[in-house]
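K.L.:
One structure follows; several queries about it will come next.
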Amino acid sequence: MTLESPETPGFPVATSRAVPPSGRRPGRNKVPEVTVYFWTIKILCTTVGATVVRLLNQKAGLGLTGVSVLMTALLAVVLAAQFRCTEYRAGVYWPTVALVGTVGTLAGDNLVDATGATPETTSSVFVVALAIVFVVWYRREGTLSIHSIDTTRRESFYWLAVLFAFALGTAAGDLVSERLHLGHWLSAVLFGLAIAAVGLAHFQLDLDLVWSFWTVYVLTRPLGASIGDYLSRPSGDGGLELGTVVTGALFSMVIVGLVVYLAATRVDVTDPEHDRRHVA
């Protein structure tokens with residue numbers, strides 16, 4: 001399905017913008033522009049999420065179940081705040097991404113822990129789950145555009161897609177790690193090359209924008225996790241021995257700095273006129 005315009009690289013957009021069946025008029029878009037800031041913070045959130053889970057699980061002694069309960073409770077709080085916003089707010093949106101990503105990662109870990117499923121199985125499960133979200137989203141809304149996340153229902157579909165994209169990225173990362181035994185640094189290079197290949201296919205071969213965006217969204221999860229593992233793990237495991245605390249703190253500071261900058265400058269806020277022009 002082709003839902004985009006070549007004039008808006010990096011975004012899935014639709015050829016028409018239907019008014020929601022509820023009859024409520026759309027509001028302001030609640031997703032930021034997809035820029036270098038977007039991908040940088042997304043990768044850093046992935047790294048911090050994986051690091052925090054490991055820290056709470058192993059060093060704080062909460063265990064997988066305890067960490068899952070805690071992160072889900074925190075996610076409920078930030079999601080409530082996000083849905084109450086009437087437009088994109090960097091200080092609310094990015095904590096939501098971080099926690100949705102963490103819960104998505106935990107979903108894959110819990111599936112493996114509960115069933116002993118292989119990475120192939122978990123990858124398949126989350127591919128199907130993500131595909132179902134996209135199909136229902138498109139059937140109900142007539143668009144998968146992230147330039148039109150402007151109703152409660154569209155935002156619900158968006159966050160479900162983000163959740164399963166993180167879960168799929170976790171499973172894909174585990175699959176590559178277990179089957180290829182590349183180590184953290186080479187794994188990061190591999191996923192970086194895969195992302196570059198998707199970008200090349202989009203810009204040179206006109207790969208659909210919807211699938212380009214979500215494929216990269218999935219791949220940045222194992223990329224970020226590989227970078228985090230490389231920095232935090234002991235040298236005997238192929239890491240730099242910075243430790244989970246130092247790695248998590250460094251990346252968190254960068255995230256906070258970028259989010260504060262974006263909140264102050266609003267350089268990643270989508271232009272309503274631009275949105276209307278390219279979905280009309």
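Letters for chains follow the order of the structure tokens (A, B, ...), residue numbers begin at 1 for each chain, and ligand numbers begin at 1 in the order shown.
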Using only C-alpha atoms, what does the table of stretch 18-123 of chain A residues within 12 Å of stretch 188-195 of chain A look like, with each row giving the shortest atom pair and its distance in Å to one decimal, sorted by chain and ascending number, as CSV?

P.N.:
residue,atom,partner,partner_atom,distance
A:Trp39,CA,A:Ile195,CA,11.3
A:Ile43,CA,A:Gly192,CA,11.2
A:Thr47,CA,A:Ala188,CA,11.7

K.L.:
In stretch 11-141 of chain A, what's alpha helix (DSSP H) per DSSP? Answer as an MDAnalysis selection string?

P.N.:
chainID A and resid 36:54 63:84 90:115 119:141

K.L.:
Any idea what's packed within 8 Å of A:Thr96, counting only C-alpha atoms, ignoring anything in its chain fewer than 4 positions away? Could you give it as a list in words?

P.N.:
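The neighbour list is Leu75, Val78, Leu79, Gln82, Val92 and Val100 of chain A.
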
K.L.:
Go ahead and dump the residues you just picked, all heavy atoms, as a compact mmCIF listing (two decimals), in the first residue's frame.

P.N.:
# COMPACT_ATOMS: atom_id res chain seq x y z
N LEU A 75 4.61 3.54 33.07
CA LEU A 75 4.10 3.78 31.73
C LEU A 75 2.66 4.27 31.77
O LEU A 75 2.28 5.18 31.02
CB LEU A 75 4.21 2.51 30.88
CG LEU A 75 3.57 2.58 29.49
CD1 LEU A 75 4.20 3.68 28.66
CD2 LEU A 75 3.70 1.22 28.79
N VAL A 78 2.70 8.03 32.59
CA VAL A 78 3.14 8.95 31.52
C VAL A 78 2.21 8.88 30.31
O VAL A 78 2.00 9.89 29.62
CB VAL A 78 4.60 8.67 31.09
CG1 VAL A 78 5.55 8.94 32.24
CG2 VAL A 78 4.77 7.28 30.54
N LEU A 79 1.62 7.71 30.04
CA LEU A 79 0.66 7.63 28.94
C LEU A 79 -0.57 8.49 29.22
O LEU A 79 -1.10 9.14 28.31
CB LEU A 79 0.23 6.17 28.71
CG LEU A 79 0.99 5.38 27.64
CD1 LEU A 79 0.44 3.97 27.56
CD2 LEU A 79 0.92 6.06 26.28
N GLN A 82 0.44 11.91 28.45
CA GLN A 82 0.57 12.10 27.01
C GLN A 82 -0.79 12.24 26.33
O GLN A 82 -0.98 13.12 25.49
CB GLN A 82 1.33 10.91 26.41
CG GLN A 82 1.35 10.84 24.90
CD GLN A 82 2.07 11.98 24.22
OE1 GLN A 82 2.93 12.62 24.82
NE2 GLN A 82 1.73 12.25 22.98
N VAL A 92 6.91 15.42 27.53
CA VAL A 92 5.97 14.33 27.83
C VAL A 92 6.14 13.19 26.83
O VAL A 92 6.14 12.01 27.20
CB VAL A 92 4.51 14.84 27.82
CG1 VAL A 92 3.53 13.70 28.12
CG2 VAL A 92 4.33 15.97 28.82
N VAL A 100 7.48 3.14 26.95
CA VAL A 100 6.86 2.18 26.03
C VAL A 100 7.92 1.22 25.51
O VAL A 100 7.70 0.00 25.42
CB VAL A 100 6.16 2.91 24.87
CG1 VAL A 100 5.73 1.90 23.79
CG2 VAL A 100 4.94 3.66 25.36

K.L.:
Choose the residue, out of A:Gly228, A:Ser148, A:Val125, A:Thr118, that has the smallest atom-to-atom separation from A:Arg179; count only C-alpha atoms.

P.N.:
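Closest residue, counting only C-alpha atoms: A:Thr118.
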
K.L.:
Using only C-alpha atoms, which protein or nucleic acid residues come within 7 Å of stretch 257-263 of chain A? Drop anything in the same chain fewer than 3 positions from it, and give the result as a list in words.

P.N.:
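With the cut-off at 7 Å, the set is Arg89, Ala90, Gly91, Met253, Val254, Arg266, Val267 and Asp268 of chain A.
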
K.L.:
Interatomic distance between atom CA of A:Trp159 and atom CA of A:Gly116?

P.N.:
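A separation of 26.9 Å between them.
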
K.L.:
Please determine, counting only C-alpha atoms, which residue among A:Val53, A:Val210, A:Val245, A:Ala171 has the shortest atom-to-atom distance to A:Thr121.

P.N.:
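Closest residue, counting only C-alpha atoms: A:Ala171.
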